[in-house]
>>> print(open('protein-v8.csv').read())   # CSV, C-alpha atoms
chain,number,residue,atom,x,y,z
A,25,ARG,CA,51.2,0.5,-43.4
A,26,LYS,CA,48.9,3.4,-42.9
A,27,THR,CA,47.0,4.6,-45.9
A,28,SER,CA,46.6,8.2,-46.9
A,29,SER,CA,43.0,8.3,-45.6
A,30,SER,CA,44.0,7.1,-42.1
A,31,LEU,CA,46.9,9.5,-42.0
A,32,ALA,CA,44.6,12.4,-42.9
A,33,LEU,CA,42.1,11.4,-40.2
A,34,SER,CA,44.7,11.1,-37.5
A,35,GLU,CA,46.2,14.5,-38.5
A,36,LEU,CA,42.7,16.0,-38.3
A,37,ASN,CA,42.1,14.6,-34.8
A,38,GLU,CA,45.5,16.0,-33.7
A,39,TYR,CA,44.6,19.4,-35.1
A,40,HIS,CA,41.3,19.4,-33.2
A,41,ARG,CA,43.0,18.6,-29.9
A,42,ASP,CA,45.6,21.2,-30.4
A,43,HIS,CA,43.2,24.0,-31.3
A,44,ALA,CA,40.4,22.9,-29.0
A,45,ILE,CA,37.6,23.7,-31.4
A,46,THR,CA,34.3,24.4,-29.6
A,47,MET,CA,30.8,24.7,-30.8
A,48,PRO,CA,29.2,28.2,-30.8
A,49,LYS,CA,26.9,29.0,-27.9
A,50,SER,CA,23.2,28.1,-28.3
A,51,LYS,CA,20.9,31.1,-28.7
A,52,ARG,CA,17.8,29.1,-27.8
A,53,ASN,CA,15.6,30.2,-24.9
A,54,LYS,CA,16.6,28.4,-21.7
A,55,VAL,CA,14.6,27.9,-18.5
A,56,VAL,CA,16.4,29.5,-15.6
A,57,ALA,CA,15.2,28.7,-12.1
A,58,LEU,CA,15.0,31.8,-9.9
A,59,THR,CA,14.4,29.9,-6.7
A,60,GLN,CA,16.8,30.4,-3.8
A,61,VAL,CA,15.7,27.2,-2.0
A,62,LYS,CA,18.5,24.7,-1.6
A,63,LYS,CA,17.8,21.0,-1.9
A,64,LYS,CA,17.9,19.1,1.4
A,65,ASP,CA,21.0,17.0,0.9
A,66,ARG,CA,22.8,14.6,3.1
A,67,LYS,CA,24.5,17.4,5.0
A,68,TRP,CA,21.2,18.9,6.0
A,69,LYS,CA,19.9,15.5,7.2
A,70,GLU,CA,23.1,15.0,9.3
A,71,SER,CA,22.8,18.4,10.9
A,72,LEU,CA,19.2,17.7,11.8
A,73,VAL,CA,20.1,14.5,13.4
A,74,GLU,CA,22.9,16.2,15.4
A,75,SER,CA,20.6,19.0,16.5
A,76,ILE,CA,18.0,16.5,17.7
A,77,ARG,CA,20.5,14.5,19.7
A,78,ASP,CA,22.0,17.7,21.2
A,79,ALA,CA,18.5,18.8,22.2
A,80,VAL,CA,17.9,15.5,24.1
A,81,ASP,CA,20.8,16.4,26.4
A,82,THR,CA,19.7,20.1,26.8
A,83,TYR,CA,15.9,19.8,27.5
A,84,PRO,CA,14.2,17.8,30.2
A,85,SER,CA,11.2,16.7,28.1
A,86,VAL,CA,10.2,16.0,24.5
A,87,PHE,CA,6.8,15.7,22.9
A,88,VAL,CA,5.5,14.4,19.6
A,89,PHE,CA,2.8,16.8,18.0
A,90,ARG,CA,0.6,16.6,15.0
A,91,CYS,CA,-0.5,19.6,13.1
A,92,LYS,CA,-3.6,19.7,10.8
A,93,ASN,CA,-3.8,22.3,8.1
A,94,MET,CA,-0.3,23.6,8.4
A,95,ARG,CA,0.1,27.3,7.9
A,96,ASN,CA,3.7,28.5,8.0
A,97,GLU,CA,3.0,32.1,9.3
A,98,THR,CA,1.0,30.8,12.3
A,99,PHE,CA,3.5,28.1,13.0
A,100,LYS,CA,6.4,30.6,12.9
A,101,SER,CA,4.7,32.9,15.3
A,102,LEU,CA,4.3,30.0,17.8
A,103,ARG,CA,8.0,29.2,17.5
A,104,ASP,CA,8.9,32.8,18.2
A,105,ASP,CA,6.6,33.0,21.2
A,106,VAL,CA,8.2,29.9,22.9
A,107,SER,CA,11.7,30.2,21.5
A,108,ASN,CA,13.3,30.9,24.9
A,109,THR,CA,11.9,27.7,26.4
A,110,SER,CA,11.3,25.3,23.5
A,111,ARG,CA,12.6,24.1,20.2
A,112,PHE,CA,10.6,22.6,17.3
A,113,PHE,CA,11.8,20.1,14.8
A,114,VAL,CA,9.8,19.2,11.6
A,115,GLY,CA,11.3,16.7,9.2
A,116,GLY,CA,10.9,13.2,7.9
A,117,ASN,CA,9.3,10.9,10.4
A,118,LYS,CA,11.8,8.1,9.8
A,119,LEU,CA,14.7,10.6,10.1
A,120,MET,CA,13.6,12.0,13.4
A,121,ARG,CA,12.9,8.5,14.7
A,122,ALA,CA,16.4,7.4,13.7
A,123,ALA,CA,17.9,10.4,15.5
A,124,LEU,CA,16.2,9.5,18.7
A,125,LEU,CA,17.0,5.8,18.5
A,126,GLY,CA,20.7,6.7,18.0
A,127,LYS,CA,20.9,7.8,21.6
A,128,GLU,CA,22.1,4.5,23.2
A,129,SER,CA,22.2,5.9,26.7
A,130,GLU,CA,18.5,6.7,26.7
A,131,GLU,CA,16.6,3.4,26.6
A,132,GLY,CA,13.2,5.1,27.2
A,133,LEU,CA,13.4,6.9,23.9
A,134,LYS,CA,12.9,3.7,22.0
A,135,THR,CA,9.3,3.4,23.1
A,136,PHE,CA,8.7,7.1,22.6
A,137,ALA,CA,10.2,7.2,19.1
A,138,GLU,CA,7.7,4.7,17.9
A,139,HIS,CA,4.9,7.4,18.2
A,140,ILE,CA,6.6,9.6,15.6
A,141,VAL,CA,5.8,7.3,12.8
A,142,ASN,CA,2.1,7.3,11.9
A,143,ASN,CA,0.9,3.7,12.2
A,144,ARG,CA,-2.4,4.5,10.5
A,145,ASP,CA,-0.9,4.8,7.1
A,146,GLY,CA,-0.3,1.1,6.6
A,147,LYS,CA,-2.6,-1.9,6.6
A,148,ASP,CA,-2.6,-4.4,9.4
A,149,ASP,CA,-1.3,-7.9,8.8
A,150,ASP,CA,-4.7,-9.3,10.0
A,151,ASP,CA,-6.4,-7.7,7.0
A,152,ASP,CA,-4.7,-10.0,4.5
A,153,ASP,CA,-6.5,-13.2,3.9
A,154,GLY,CA,-3.4,-14.8,2.3
A,155,GLY,CA,-4.8,-14.9,-1.2
A,156,GLY,CA,-6.5,-18.3,-0.7
A,157,GLY,CA,-9.6,-17.4,1.3
A,158,GLN,CA,-12.8,-15.6,0.6
A,159,LYS,CA,-13.3,-13.3,-2.4
A,160,GLN,CA,-13.1,-9.7,-1.5
A,161,GLN,CA,-16.3,-7.8,-1.6
A,162,LYS,CA,-16.7,-4.7,-3.8
A,163,GLU,CA,-16.4,-1.4,-1.9
A,164,THR,CA,-19.5,0.7,-1.8
A,165,LYS,CA,-19.3,4.5,-2.6
A,166,LYS,CA,-19.5,5.3,1.1
A,167,GLN,CA,-16.6,3.0,2.0
A,168,GLN,CA,-14.5,4.2,-0.9
A,169,ARG,CA,-14.9,7.8,0.0
A,170,GLY,CA,-14.2,7.1,3.6
A,171,ARG,CA,-10.9,5.3,2.7
A,172,GLN,CA,-9.9,8.2,0.4
A,173,ASN,CA,-10.6,10.7,3.1
A,174,GLU,CA,-8.5,8.8,5.6
A,175,GLU,CA,-5.6,8.7,3.2
A,176,PHE,CA,-6.0,12.5,2.6
A,177,ASP,CA,-6.1,13.2,6.3
A,178,LEU,CA,-2.7,11.3,6.7
A,179,ASN,CA,-1.2,13.3,3.9
A,180,THR,CA,-2.3,16.7,5.2
A,181,THR,CA,-1.2,16.0,8.8
A,182,THR,CA,2.3,17.2,9.7
A,183,THR,CA,4.2,15.4,12.5
A,184,GLY,CA,7.1,16.9,14.5
A,185,ILE,CA,8.8,16.9,17.9
A,186,VAL,CA,9.3,19.7,20.3
A,187,PHE,CA,11.9,19.8,23.1
A,188,THR,CA,10.8,22.1,25.9
A,189,ASN,CA,11.3,23.3,29.5
A,190,LEU,CA,7.6,23.9,29.8
A,191,SER,CA,5.1,21.6,31.4
A,192,LYS,CA,2.6,19.7,29.3
A,193,GLU,CA,-0.2,22.0,30.4
A,194,ASP,CA,1.7,25.2,29.5
A,195,LEU,CA,2.7,23.8,26.1
A,196,MET,CA,-0.8,22.8,25.3
A,197,GLN,CA,-2.1,26.2,26.3
A,198,ALA,CA,0.4,27.9,24.0
A,199,MET,CA,-0.7,25.6,21.1
A,200,GLU,CA,-4.4,26.2,21.6
A,201,ALA,CA,-3.8,30.0,21.7
A,202,LYS,CA,-2.6,29.7,18.1
A,203,GLU,CA,-5.6,27.8,16.8
A,204,THR,CA,-6.9,29.8,13.9
A,205,LYS,CA,-9.3,29.3,10.9
A,206,ASP,CA,-8.2,29.8,7.3
A,207,PHE,CA,-9.6,29.2,3.8
A,208,ALA,CA,-9.7,25.6,2.7
A,209,ARG,CA,-7.3,24.3,0.0
A,210,VAL,CA,-7.8,21.9,-2.9
A,211,GLY,CA,-8.4,18.3,-1.8
A,212,GLN,CA,-9.4,19.1,1.8
A,213,ILE,CA,-12.6,17.5,3.2
A,214,ALA,CA,-15.5,20.0,3.6
A,215,THR,CA,-16.6,20.3,7.2
A,216,GLU,CA,-20.0,21.6,6.5
A,217,THR,CA,-22.5,21.9,3.7
A,218,ILE,CA,-22.8,25.4,2.1
A,219,VAL,CA,-25.7,26.3,-0.3
A,220,CYS,CA,-26.1,29.4,-2.4
A,221,PRO,CA,-29.9,30.1,-2.6
A,222,GLU,CA,-31.7,31.4,-5.6
A,223,GLY,CA,-31.8,35.2,-5.8
A,224,PRO,CA,-29.3,37.9,-4.9
A,225,VAL,CA,-25.9,36.5,-4.1
A,226,LYS,CA,-24.5,37.5,-0.7
A,227,ASN,CA,-21.4,36.4,1.2
A,228,CYS,CA,-21.3,34.9,4.7
A,229,PHE,CA,-21.5,38.5,6.2
A,230,ASP,CA,-24.8,39.1,4.4
A,231,VAL,CA,-23.1,41.6,2.1
A,232,PRO,CA,-24.2,41.6,-1.6
A,233,MET,CA,-21.5,40.5,-4.1
A,234,SER,CA,-20.0,43.2,-6.3
A,235,HIS,CA,-21.1,43.2,-9.9
A,236,THR,CA,-17.4,43.0,-11.0
A,237,LEU,CA,-17.3,39.4,-9.5
A,238,GLU,CA,-20.2,38.0,-11.6
A,239,ALA,CA,-18.0,36.8,-14.4
A,240,MET,CA,-15.6,35.1,-12.0
A,241,LEU,CA,-18.4,33.4,-10.0
A,242,ARG,CA,-19.9,32.1,-13.2
A,243,LYS,CA,-16.5,30.9,-14.3
A,244,HIS,CA,-16.2,28.7,-11.2
A,245,GLY,CA,-19.6,27.0,-11.7
A,246,LEU,CA,-22.1,29.3,-10.0
A,247,PRO,CA,-25.1,29.9,-12.2
A,248,THR,CA,-25.3,33.7,-12.0
A,249,LYS,CA,-26.5,36.7,-14.0
A,250,LEU,CA,-26.5,40.5,-13.7
A,251,ASN,CA,-29.9,42.1,-13.1
A,252,LYS,CA,-29.7,45.9,-13.0
A,253,GLY,CA,-26.2,45.7,-11.5
A,254,VAL,CA,-27.1,43.0,-8.9
A,255,VAL,CA,-25.5,39.6,-9.0
A,256,GLU,CA,-28.3,37.0,-8.9
A,257,CYS,CA,-28.1,33.2,-8.7
A,258,VAL,CA,-30.4,31.6,-11.3
A,259,ASN,CA,-30.9,28.3,-9.5
A,260,GLU,CA,-30.0,27.1,-6.0
A,261,LYS,CA,-26.4,25.8,-6.0
A,262,ILE,CA,-24.7,23.5,-3.5
A,263,ILE,CA,-21.2,24.9,-3.2
A,264,CYS,CA,-19.8,22.0,-1.2
A,265,LYS,CA,-21.1,19.0,0.7
A,266,ARG,CA,-20.0,17.9,4.2
A,267,GLY,CA,-17.5,15.1,4.0
A,268,VAL,CA,-16.6,15.5,0.3
A,269,LYS,CA,-13.3,16.6,-1.1
A,270,LEU,CA,-13.1,20.2,-2.4
A,271,SER,CA,-12.2,21.0,-5.9
A,272,SER,CA,-10.3,24.1,-7.1
A,273,ASP,CA,-13.6,25.8,-8.2
A,274,GLN,CA,-15.2,25.1,-4.9
A,275,CYS,CA,-12.2,26.6,-2.9
A,276,ALA,CA,-12.3,29.7,-5.1
A,277,LEU,CA,-16.0,30.2,-4.4
A,278,LEU,CA,-15.6,29.6,-0.7
A,279,ARG,CA,-12.9,32.2,-0.6
A,280,GLN,CA,-15.1,34.7,-2.3
A,281,PHE,CA,-18.0,34.0,0.0
A,282,GLY,CA,-15.7,34.2,3.1
A,283,TYR,CA,-16.1,30.7,4.5
A,284,LYS,CA,-13.1,29.4,6.3
A,285,LEU,CA,-13.4,25.7,6.6
A,286,ALA,CA,-9.7,24.9,7.6
A,287,THR,CA,-8.5,25.1,11.1
A,288,PHE,CA,-4.9,25.2,12.0
A,289,LYS,CA,-4.4,23.2,15.2
A,290,LEU,CA,-1.6,21.5,17.0
A,291,ARG,CA,-2.2,18.5,19.3
A,292,LEU,CA,0.3,16.5,21.5
A,293,VAL,CA,0.4,12.8,20.8
A,294,ALA,CA,3.0,11.5,23.3
A,295,GLY,CA,5.6,12.8,25.7
A,296,TRP,CA,8.8,11.6,27.4
A,297,GLU,CA,10.4,12.9,30.6
A,298,LYS,CA,14.1,12.5,31.1
A,299,SER,CA,13.8,12.4,34.9
A,300,THR,CA,11.4,9.4,34.9
A,301,GLY,CA,12.3,7.8,31.5
A,302,GLU,CA,8.6,7.0,31.0
A,303,THR,CA,6.5,7.6,27.9
A,304,GLU,CA,3.0,9.0,28.2
A,305,VAL,CA,0.4,8.8,25.4
A,306,PHE,CA,-2.2,11.4,25.2
A,307,MET,CA,-5.8,10.9,24.0
A,308,ASN,CA,-7.3,13.8,22.0
A,309,GLU,CA,-10.9,14.5,21.4
A,310,ASP,CA,-10.1,15.4,17.8
A,311,ASP,CA,-9.1,11.7,17.1
A,312,SER,CA,-12.8,10.6,17.4
A,313,GLU,CA,-14.2,13.6,15.5
A,314,GLU,CA,-16.4,12.5,12.6
A,315,ILE,CA,-17.0,14.9,9.7
A,316,LEU,CA,-18.2,12.3,7.2
A,317,ASP,CA,-21.9,12.6,6.3
A,318,TYR,CA,-22.8,10.6,3.2
A,319,GLY,CA,-26.3,9.5,4.0
A,320,THR,CA,-27.4,6.1,2.9
A,321,ASP,CA,-25.6,3.9,0.4
A,322,GLU,CA,-28.6,4.1,-2.0
A,323,GLU,CA,-28.4,7.8,-2.3
A,324,GLU,CA,-26.5,9.1,-5.4
A,325,GLU,CA,-25.5,12.7,-6.1
A,326,ASP,CA,-27.5,14.4,-8.9
A,327,ARG,CA,-24.8,15.7,-11.2
A,328,PHE,CA,-27.2,17.7,-13.3
A,329,ALA,CA,-29.3,19.3,-10.6
A,330,SER,CA,-27.7,22.8,-11.1
A,331,ASP,CA,-27.9,22.8,-15.0
A,332,GLY,CA,-31.5,23.9,-15.1
A,333,LEU,CA,-32.4,21.6,-18.0
A,334,PRO,CA,-36.0,20.2,-18.3
A,335,LYS,CA,-36.5,16.5,-17.8
A,336,SER,CA,-37.5,16.1,-21.4
A,337,MET,CA,-33.9,16.9,-22.5
A,338,MET,CA,-32.3,14.4,-20.0
A,339,LEU,CA,-31.3,10.9,-20.9
A,340,PRO,CA,-33.1,7.9,-19.3
A,341,GLU,CA,-31.8,6.9,-15.9
A,342,GLY,CA,-30.5,3.5,-17.2
A,343,MET,CA,-28.2,5.2,-19.7
A,344,LEU,CA,-26.4,7.4,-17.2
>>> encode(input="protein-v8.csv", output="structure tokens")
Amino acid sequence: RKTSSSLALSELNEYHRDHAITMPKSKRNKVVALTQVKKKDRKWKESLVESIRDAVDTYPSVFVFRCKNMRNETFKSLRDDVSNTSRFFVGGNKLMRAALLGKESEEGLKTFAEHIVNNRDGKDDDDDDGGGGQKQQKETKKQQRGRQNEEFDLNTTTTGIVFTNLSKEDLMQAMEAKETKDFARVGQIATETIVCPEGPVKNCFDVPMSHTLEAMLRKHGLPTKLNKGVVECVNEKIICKRGVKLSSDQCALLRQFGYKLATFKLRLVAGWEKSTGETEVFMNEDDSEEILDYGTDEEEEDRFASDGLPKSMMLPEGML
């Protein structure tokens, strides 16, 4: 038998179902995304794969390219200039590689597709001692910075493929024509050492800085002061060092001084011709370019050189 309490509870549940009681709308502030960008879902990936496979049948040759310091506006202008003869694809490396390997009729594409994936981002099997060998040596500062810079170079390099009716020489000429300099971004490796000397502050065009910028320069770490409306640097300040990653303050100072340390450049890595079915690998001079300059291992950066404090106020060297 049902008790009176159970009957009341069942009647209350039936009443709620019949009248569909809903909670009032919340009046709390909600975060609303105003972006119009759609997420790259499975349909987008499938369309990219189909477009790449259709381009294999349409164009006589395909090249793998790598872009350093990608700038969308410059890249779009290049695509517009060669839109009648070429078609660019930029996406996930593994996705583009899978799209080319799916063409069973083109056996030569298997060798070519291997060049899309950057092999430098992983360690070789020979580097592993199996865990039972010699003890690993501690990395020096120079080796640690070099490894970090190599990882950063891989992360800032964009890989893509281009299908074209142009020859290799004409395509390379069109890419070199779009090579431009731009301001460096946070995390990039400085390609030169820039120093702001003591005295009146001037930009790279030898034009004195406006007095309205003095507070902003001081905010980003430049020791400045106003002297009769002239921005002066109290002590010599190293804005950036060659081969060292740039911070947000350093990038802001470089922009105000007018130094453009980033270069947008496109280089061909490999090419495949449909007529011959052979893959050609290109060697670029930029691959052997060295911008790292750390000096000797014994040298250490003086973190307090720009503070202007006397030695009597500094801690002993052993305590740092």
>>> closest_residue(input="protein-v8.csv", among="A:Gly253, A:Leu119, A:Lys205, A:Ala239", to="Glu70 in chain A", atoms="only C-alpha atoms")
A:Leu119
>>> atom_distance(input="protein-v8.csv", atom1="CA of Asp65 in chain A", atom2="CA of Ile140 in chain A")
21.9 Å
>>> atom_distance(input="protein-v8.csv", atom1="CA of Gly211 in chain A", atom2="CA of Gly267 in chain A")
11.3 Å
>>> atom_distance(input="protein-v8.csv", atom1="CA of Thr135 in chain A", atom2="CA of Phe99 in chain A")
27.3 Å
>>> residues_near_point(input="protein-v8.csv", point="(11.8, 25.8, 29.2)", cutoff="12 Å", atoms="all atoms listed in the file", output="VMD selection string")
chain A and resid 79 82 to 86 105 to 111 186 to 192 194 to 195
>>> residues_around(input="protein-v8.csv", residues="Arg95 in chain A", least_positions_apart="5", cutoff="10 Å", atoms="all atoms listed in the file", output="VMD selection string")
chain A and resid 100 204 206 287 to 289
>>> closest_residue(input="protein-v8.csv", among="A:Cys220, A:Ala57, A:Leu124, A:Ala137", to="Val305 in chain A", atoms="only C-alpha atoms")
A:Ala137
>>> residues_near_point(input="protein-v8.csv", point="(-19.2, 24.7, 0.5)", cutoff="7 Å", atoms="only C-alpha atoms", output="PDB file with C-alpha atoms, in the coordinates of the input")
ATOM      1  CA  ALA A 214     -15.500  20.000   3.600  1.00  0.00           C
ATOM      2  CA  GLU A 216     -20.000  21.600   6.500  1.00  0.00           C
ATOM      3  CA  THR A 217     -22.500  21.900   3.700  1.00  0.00           C
ATOM      4  CA  ILE A 218     -22.800  25.400   2.100  1.00  0.00           C
ATOM      5  CA  VAL A 219     -25.700  26.300  -0.300  1.00  0.00           C
ATOM      6  CA  ILE A 262     -24.700  23.500  -3.500  1.00  0.00           C
ATOM      7  CA  ILE A 263     -21.200  24.900  -3.200  1.00  0.00           C
ATOM      8  CA  CYS A 264     -19.800  22.000  -1.200  1.00  0.00           C
ATOM      9  CA  LYS A 265     -21.100  19.000   0.700  1.00  0.00           C
ATOM     10  CA  GLN A 274     -15.200  25.100  -4.900  1.00  0.00           C
ATOM     11  CA  LEU A 278     -15.600  29.600  -0.700  1.00  0.00           C
TER      12      LEU A 278
END
